[in-house]
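Colleague: Contents of structure.cif (mmCIF, C-alpha atoms) are given next:
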```cif
data_entry
loop_
_atom_site.group_PDB
_atom_site.id
_atom_site.type_symbol
_atom_site.label_atom_id
_atom_site.label_comp_id
_atom_site.auth_asym_id
_atom_site.auth_seq_id
_atom_site.Cartn_x
_atom_site.Cartn_y
_atom_site.Cartn_z
ATOM 1 C CA MET A 1 17.847 6.821 -15.081
ATOM 2 C CA ALA A 2 18.063 3.498 -13.286
ATOM 3 C CA PRO A 3 14.854 1.458 -13.104
ATOM 4 C CA ALA A 4 12.963 1.666 -9.831
ATOM 5 C CA ARG A 5 12.445 -1.335 -7.621
ATOM 6 C CA GLY A 6 9.248 -3.325 -8.011
ATOM 7 C CA TRP A 7 7.807 -6.651 -6.979
ATOM 8 C CA LEU A 8 8.090 -9.567 -9.327
ATOM 9 C CA PRO A 9 7.115 -13.161 -8.698
ATOM 10 C CA THR A 10 10.594 -14.143 -9.876
ATOM 11 C CA ALA A 11 12.211 -11.685 -7.434
ATOM 12 C CA THR A 12 13.624 -9.753 -10.381
ATOM 13 C CA ARG A 13 13.294 -6.026 -9.830
ATOM 14 C CA SER A 14 13.276 -4.168 -13.094
ATOM 15 C CA ALA A 15 9.832 -2.539 -13.230
ATOM 16 C CA PRO A 16 9.508 1.152 -14.000
ATOM 17 C CA TRP A 17 7.451 1.490 -10.803
ATOM 18 C CA PRO A 18 6.775 -0.970 -7.989
ATOM 19 C CA TRP A 19 4.328 -3.790 -8.595
ATOM 20 C CA ARG A 20 4.100 -2.822 -12.235
ATOM 21 C CA ALA A 21 6.091 -5.883 -13.116
ATOM 22 C CA HIS A 22 3.305 -8.408 -12.784
ATOM 23 C CA PRO A 23 3.253 -11.129 -15.381
ATOM 24 C CA ARG A 24 0.620 -9.016 -17.168
ATOM 25 C CA PRO A 25 1.145 -5.802 -19.139
ATOM 26 C CA VAL A 26 1.117 -2.524 -17.246
ATOM 27 C CA PRO A 27 -2.346 -1.033 -17.622
ATOM 28 C CA ALA A 28 -2.183 2.362 -19.304
ATOM 29 C CA LEU A 29 -4.649 3.662 -16.725
ATOM 30 C CA CYS A 30 -2.144 3.034 -13.922
ATOM 31 C CA GLU A 31 0.606 4.898 -15.728
ATOM 32 C CA GLU A 32 -1.791 7.763 -16.439
ATOM 33 C CA SER A 33 -2.940 7.967 -12.812
ATOM 34 C CA MET A 34 0.695 8.188 -11.712
ATOM 35 C CA LYS A 35 1.367 11.009 -14.179
ATOM 36 C CA ASN A 36 -1.744 12.887 -13.035
ATOM 37 C CA SER A 37 -1.123 12.400 -9.324
ATOM 38 C CA PRO A 38 -0.480 15.632 -7.427
ATOM 39 C CA ILE A 39 2.186 13.823 -5.408
ATOM 40 C CA ASP A 40 5.614 13.257 -6.891
ATOM 41 C CA HIS A 41 6.320 9.567 -6.324
ATOM 42 C CA ARG A 42 10.033 10.338 -6.341
ATOM 43 C CA ASN A 43 9.625 12.038 -2.954
ATOM 44 C CA SER A 44 10.033 10.199 0.310
ATOM 45 C CA ILE A 45 7.691 10.401 3.276
ATOM 46 C CA ALA A 46 10.307 12.504 5.032
ATOM 47 C CA GLU A 47 10.247 14.967 2.128
ATOM 48 C CA LEU A 48 6.461 14.969 1.877
ATOM 49 C CA GLU A 49 6.107 15.554 5.614
ATOM 50 C CA SER A 50 8.983 18.065 5.608
ATOM 51 C CA SER A 51 10.444 16.346 8.626
ATOM 52 C CA ALA A 52 13.493 14.196 9.046
ATOM 53 C CA TRP A 53 13.623 11.711 11.857
ATOM 54 C CA PRO A 54 16.906 11.248 13.690
ATOM 55 C CA ASP A 55 18.664 7.932 13.293
ATOM 56 C CA PRO A 56 17.034 5.179 15.336
ATOM 57 C CA PRO A 57 18.389 4.861 18.871
ATOM 58 C CA GLU A 58 21.149 2.361 19.568
ATOM 59 C CA GLY A 59 19.688 -1.115 20.106
ATOM 60 C CA SER A 60 16.481 -0.416 18.157
ATOM 61 C CA THR A 61 14.548 -3.337 16.755
ATOM 62 C CA ASN A 62 14.764 -4.240 13.090
ATOM 63 C CA LEU A 63 11.209 -2.937 12.668
ATOM 64 C CA VAL A 64 12.178 0.507 13.982
ATOM 65 C CA LYS A 65 15.299 0.591 11.814
ATOM 66 C CA SER A 66 13.295 -0.517 8.801
ATOM 67 C CA VAL A 67 10.589 2.133 9.244
ATOM 68 C CA HIS A 68 13.216 4.853 9.644
ATOM 69 C CA ALA A 69 14.911 3.709 6.434
ATOM 70 C CA LEU A 70 11.633 3.367 4.509
ATOM 71 C CA ARG A 71 10.688 6.962 5.351
ATOM 72 C CA ARG A 72 13.730 8.078 3.336
ATOM 73 C CA GLN A 73 12.944 6.035 0.204
ATOM 74 C CA PRO A 74 10.923 7.459 -2.670
ATOM 75 C CA ILE A 75 7.327 6.370 -2.121
ATOM 76 C CA GLY A 76 7.140 5.145 -5.710
ATOM 77 C CA ASP A 77 9.874 2.624 -4.973
ATOM 78 C CA LEU A 78 8.091 0.981 -2.041
ATOM 79 C CA THR A 79 7.039 -2.642 -2.450
ATOM 80 C CA PRO A 80 3.726 -4.006 -1.139
ATOM 81 C CA GLU A 81 5.587 -5.531 1.816
ATOM 82 C CA GLU A 82 7.177 -2.174 2.636
ATOM 83 C CA LEU A 83 3.837 -0.382 2.267
ATOM 84 C CA ALA A 84 2.281 -2.874 4.688
ATOM 85 C CA ARG A 85 5.082 -2.284 7.191
ATOM 86 C CA LEU A 86 4.623 1.491 7.070
ATOM 87 C CA ILE A 87 0.831 1.294 7.188
ATOM 88 C CA GLY A 88 1.008 -1.099 10.136
ATOM 89 C CA GLN A 89 3.025 1.528 11.976
ATOM 90 C CA ASN A 90 0.725 4.400 10.856
ATOM 91 C CA VAL A 91 3.611 6.132 9.114
ATOM 92 C CA GLY A 92 2.931 8.333 6.100
ATOM 93 C CA LEU A 93 -0.696 7.259 5.750
ATOM 94 C CA PRO A 94 -1.829 10.247 3.641
ATOM 95 C CA TRP A 95 0.626 9.180 0.922
ATOM 96 C CA ILE A 96 0.989 5.454 1.506
ATOM 97 C CA LEU A 97 -2.675 4.429 1.773
ATOM 98 C CA PRO A 98 -3.531 5.665 -1.741
ATOM 99 C CA LEU A 99 -0.547 3.737 -3.125
ATOM 100 C CA ALA A 100 -1.585 0.604 -1.259
ATOM 101 C CA LEU A 101 -5.138 0.936 -2.549
ATOM 102 C CA GLU A 102 -3.847 1.387 -6.077
ATOM 103 C CA PHE A 103 -1.900 -1.849 -5.765
ATOM 104 C CA LEU A 104 -4.871 -3.720 -4.280
ATOM 105 C CA ARG A 105 -7.243 -2.301 -6.900
ATOM 106 C CA ASP A 106 -4.862 -3.267 -9.728
ATOM 107 C CA THR A 107 -4.365 -6.814 -8.474
ATOM 108 C CA ALA A 108 -7.844 -7.639 -7.142
ATOM 109 C CA PRO A 109 -9.368 -8.538 -10.536
ATOM 110 C CA HIS A 110 -6.464 -10.887 -11.252
ATOM 111 C CA GLN A 111 -6.743 -12.628 -7.893
ATOM 112 C CA ALA A 112 -9.841 -14.484 -9.064
ATOM 113 C CA THR A 113 -7.951 -15.864 -12.086
ATOM 114 C CA GLY A 114 -5.013 -17.119 -10.058
ATOM 115 C CA GLY A 115 -3.100 -13.869 -9.917
ATOM 116 C CA TRP A 116 -1.346 -12.503 -6.873
ATOM 117 C CA TYR A 117 -2.447 -10.060 -4.216
ATOM 118 C CA ASP A 118 -0.973 -9.369 -0.833
ATOM 119 C CA ASP A 119 -2.906 -10.529 2.261
ATOM 120 C CA ASP A 120 -0.454 -8.683 4.516
ATOM 121 C CA LEU A 121 -1.015 -5.408 2.707
ATOM 122 C CA LEU A 122 -4.776 -5.911 2.688
ATOM 123 C CA SER A 123 -4.737 -6.697 6.408
ATOM 124 C CA ALA A 124 -2.621 -3.624 7.162
ATOM 125 C CA VAL A 125 -5.107 -1.450 5.279
ATOM 126 C CA LEU A 126 -8.192 -3.034 6.838
ATOM 127 C CA THR A 127 -6.928 -2.758 10.406
ATOM 128 C CA ARG A 128 -6.427 1.004 10.486
ATOM 129 C CA LYS A 129 -8.473 2.723 13.163
ATOM 130 C CA SER A 130 -11.887 4.075 12.238
ATOM 131 C CA ASP A 131 -10.699 7.697 12.526
ATOM 132 C CA VAL A 132 -8.471 7.121 9.478
ATOM 133 C CA TRP A 133 -11.531 6.153 7.448
ATOM 134 C CA SER A 134 -13.670 8.947 8.927
ATOM 135 C CA ALA A 135 -11.024 11.443 7.809
ATOM 136 C CA SER A 136 -10.837 9.884 4.319
ATOM 137 C CA PRO A 137 -14.268 8.491 3.435
ATOM 138 C CA GLU A 138 -13.352 8.312 -0.255
ATOM 139 C CA LEU A 139 -10.512 5.914 0.586
ATOM 140 C CA ALA A 140 -12.868 3.850 2.762
ATOM 141 C CA GLN A 141 -15.277 3.574 -0.168
ATOM 142 C CA GLU A 142 -12.427 2.483 -2.406
ATOM 143 C CA VAL A 143 -11.403 -0.218 0.083
ATOM 144 C CA ASP A 144 -14.985 -1.455 0.195
ATOM 145 C CA ALA A 145 -15.118 -1.567 -3.623
ATOM 146 C CA ILE A 146 -11.869 -3.569 -3.709
ATOM 147 C CA LEU A 147 -13.282 -6.001 -1.140
ATOM 148 C CA ARG A 148 -16.288 -6.656 -3.380
ATOM 149 C CA ILE A 149 -13.906 -7.907 -6.085
ATOM 150 C CA LEU A 150 -11.833 -10.210 -3.897
ATOM 151 C CA THR A 151 -12.922 -13.814 -3.454
ATOM 152 C CA ASP A 152 -11.675 -16.720 -1.400
ATOM 153 C CA LEU A 153 -10.362 -14.567 1.454
ATOM 154 C CA SER A 154 -8.747 -16.349 4.369
ATOM 155 C CA PRO A 155 -10.705 -16.486 7.639
ATOM 156 C CA TYR A 156 -8.427 -13.960 9.342
ATOM 157 C CA ILE A 157 -8.885 -11.495 6.465
ATOM 158 C CA GLN A 158 -12.652 -12.106 6.574
ATOM 159 C CA ARG A 159 -12.570 -11.066 10.260
ATOM 160 C CA ASP A 160 -10.636 -7.919 9.306
ATOM 161 C CA VAL A 161 -13.226 -7.176 6.590
ATOM 162 C CA LYS A 162 -16.085 -7.476 9.097
ATOM 163 C CA ARG A 163 -14.329 -5.166 11.562
ATOM 164 C CA PHE A 164 -13.528 -2.659 8.808
ATOM 165 C CA ARG A 165 -17.109 -2.566 7.547
ATOM 166 C CA ALA A 166 -18.500 -2.337 11.084
ATOM 167 C CA ALA A 167 -16.277 0.703 11.741
ATOM 168 C CA LEU A 168 -17.464 2.566 8.634
ATOM 169 C CA PRO A 169 -19.864 5.432 9.192
ATOM 170 C CA SER A 170 -23.417 4.422 8.300
ATOM 171 C CA GLY A 171 -24.172 4.832 4.649
ATOM 172 C CA GLU A 172 -20.799 3.440 3.495
#
```
For the structure just supplied, provide its representation as structure tokens.
Modeller:
Amino acid sequence: MAPARGWLPTATRSAPWPWRAHPRPVPALCEESMKNSPIDHRNSIAELESSAWPDPPEGSTNLVKSVHALRRQPIGDLTPEELARLIGQNVGLPWILPLALEFLRDTAPHQATGGWYDDDLLSAVLTRKSDVWSASPELAQEVDAILRILTDLSPYIQRDVKRFRAALPSGE
């Protein structure tokens, strides 16, 4: 089986699962959570939704073409950038948001020690409408827990954090 694509700071893609190729060892917990997940990460959004979109119309933007193509890729092969693109377009959120949160949760502790985390992905997650978080309060709580770990956020991300927390139902 060929290795799946994954993000590497050196742009080498040889990780067994995306973003598992950080300069640190793969935490066993992450591998275990993937094995125990009820969703097969080899499936695409199109397969998980049981719906195929037609090809994008002639003259479509690169964003439209990209989203159409990303819906056909296995969700386990999606990079943080690709997750952010899909989340920003509200495509496949039931499957993509948990993957994005896993990435953010895995990288947040390393951010404080000079590691890498993705502002674009974090922004895409934070800027979902409040009904997404009302429908999935456990994911909203996880986002809030991740935010408590992150330090030195840029001003535009700090604004997104304030809006996200303001949109949470009271008690979050």
Colleague: Around all of segment 143-162 of chain A's listed atoms, make the axis-aligned box with 6 Å on each side and tell me centre and edge lengths in Å to one decimal, as JSON.
Modeller:
```
{"center_x": -12.4, "center_y": -8.5, "center_z": 2.1, "size_x": 19.9, "size_y": 28.5, "size_z": 28.3}
```
Colleague: For the file shown, what are the residues hit by the PyMOL selection byres ((chain A and resi 149-154) around 8), laid out as a VMD selection string?
Modeller: chain A and resid 108 to 109 111 to 112 145 to 148 155 to 158
Colleague: Residues picked by the PyMOL selection byres ((chain A and resi 124-128) around 9) here, as a list in words?
Modeller: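 Selection result, ordered by chain and number: Leu83, Ala84, Arg85, Leu86, Ile87, Gly88, Asn90, Leu97, Ala100, Leu101, Asp119, Asp120, Leu121, Leu122, Ser123, Lys129, Ser130, Asp131, Val132, Trp133, Val143, Ile157, Asp160, Val161, Arg163, Phe164 and Arg165 of chain A.
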Colleague: Restricting it to C-alpha atoms, dump the selection as a CSV table (one decimal), in the coordinates of the input.
Modeller:
```csv
chain,number,residue,atom,x,y,z
A,83,LEU,CA,3.8,-0.4,2.3
A,84,ALA,CA,2.3,-2.9,4.7
A,85,ARG,CA,5.1,-2.3,7.2
A,86,LEU,CA,4.6,1.5,7.1
A,87,ILE,CA,0.8,1.3,7.2
A,88,GLY,CA,1.0,-1.1,10.1
A,90,ASN,CA,0.7,4.4,10.9
A,97,LEU,CA,-2.7,4.4,1.8
A,100,ALA,CA,-1.6,0.6,-1.3
A,101,LEU,CA,-5.1,0.9,-2.5
A,119,ASP,CA,-2.9,-10.5,2.3
A,120,ASP,CA,-0.5,-8.7,4.5
A,121,LEU,CA,-1.0,-5.4,2.7
A,122,LEU,CA,-4.8,-5.9,2.7
A,123,SER,CA,-4.7,-6.7,6.4
A,129,LYS,CA,-8.5,2.7,13.2
A,130,SER,CA,-11.9,4.1,12.2
A,131,ASP,CA,-10.7,7.7,12.5
A,132,VAL,CA,-8.5,7.1,9.5
A,133,TRP,CA,-11.5,6.2,7.4
A,143,VAL,CA,-11.4,-0.2,0.1
A,157,ILE,CA,-8.9,-11.5,6.5
A,160,ASP,CA,-10.6,-7.9,9.3
A,161,VAL,CA,-13.2,-7.2,6.6
A,163,ARG,CA,-14.3,-5.2,11.6
A,164,PHE,CA,-13.5,-2.7,8.8
A,165,ARG,CA,-17.1,-2.6,7.5
```
Colleague: Distance atom CA of Pro169 of chain A-atom CA of Ser134 of chain A, one decimal place?
Modeller: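 One can read the atom CA of Pro169 of chain A to atom CA of Ser134 of chain A distance as 7.1 Å.
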Colleague: So which one's closest to Trp53 of chain A, A:Glu138, A:Glu102, A:Arg72, A:Leu168? Using only C-alpha atoms, please.
Modeller: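 Under the stated criterion, the closest residue is A:Arg72.
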Colleague: Considering all atoms listed in the file, can you say which of A:Asp106, A:Arg42, A:Thr61, A:Asp55 comes closest to Leu78 of chain A?
Modeller: A:Arg42
Colleague: Pick the closest to Leu93 of chain A from A:Ser136, A:Asn43, A:Ser51, A:Ser66: which is it, counting only C-alpha atoms?
Modeller: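 Ranked by minimum distance to Leu93 of chain A, first place goes to A:Ser136.
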Colleague: Work out how far atom CA of Lys65 of chain A is from atom CA of Ile45 of chain A, in Å to one decimal.
Modeller: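 Distance between the two atoms: 15.1 Å.
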Colleague: Between atom CA of Phe103 of chain A and atom CA of Ser44 of chain A, what is the spacing in Å?
Modeller: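 Atom CA of Phe103 of chain A lies at a distance of 18.0 Å from atom CA of Ser44 of chain A.
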Colleague: For a quick check of understanding, using all atoms listed in the file, which of A:Pro74, A:Leu63, A:Pro56, A:Ala140 has the smallest distance to Trp95 of chain A?
Modeller: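 Residue with the minimum atom-to-atom distance to Trp95 of chain A: A:Pro74.
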Colleague: Go through A:Leu99, A:His110, A:Glu81, A:Pro137 and flag the residue nearest Ile39 of chain A, using all atoms listed in the file for the distances.
Modeller: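 Ranked by minimum distance to Ile39 of chain A, first place goes to A:Leu99.
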Colleague: Between A:Ile96, A:Ala46, A:Ala166, A:Ala135, which has the minimum distance to Gly76 of chain A (counting all atoms listed in the file)?
Modeller: A:Ile96
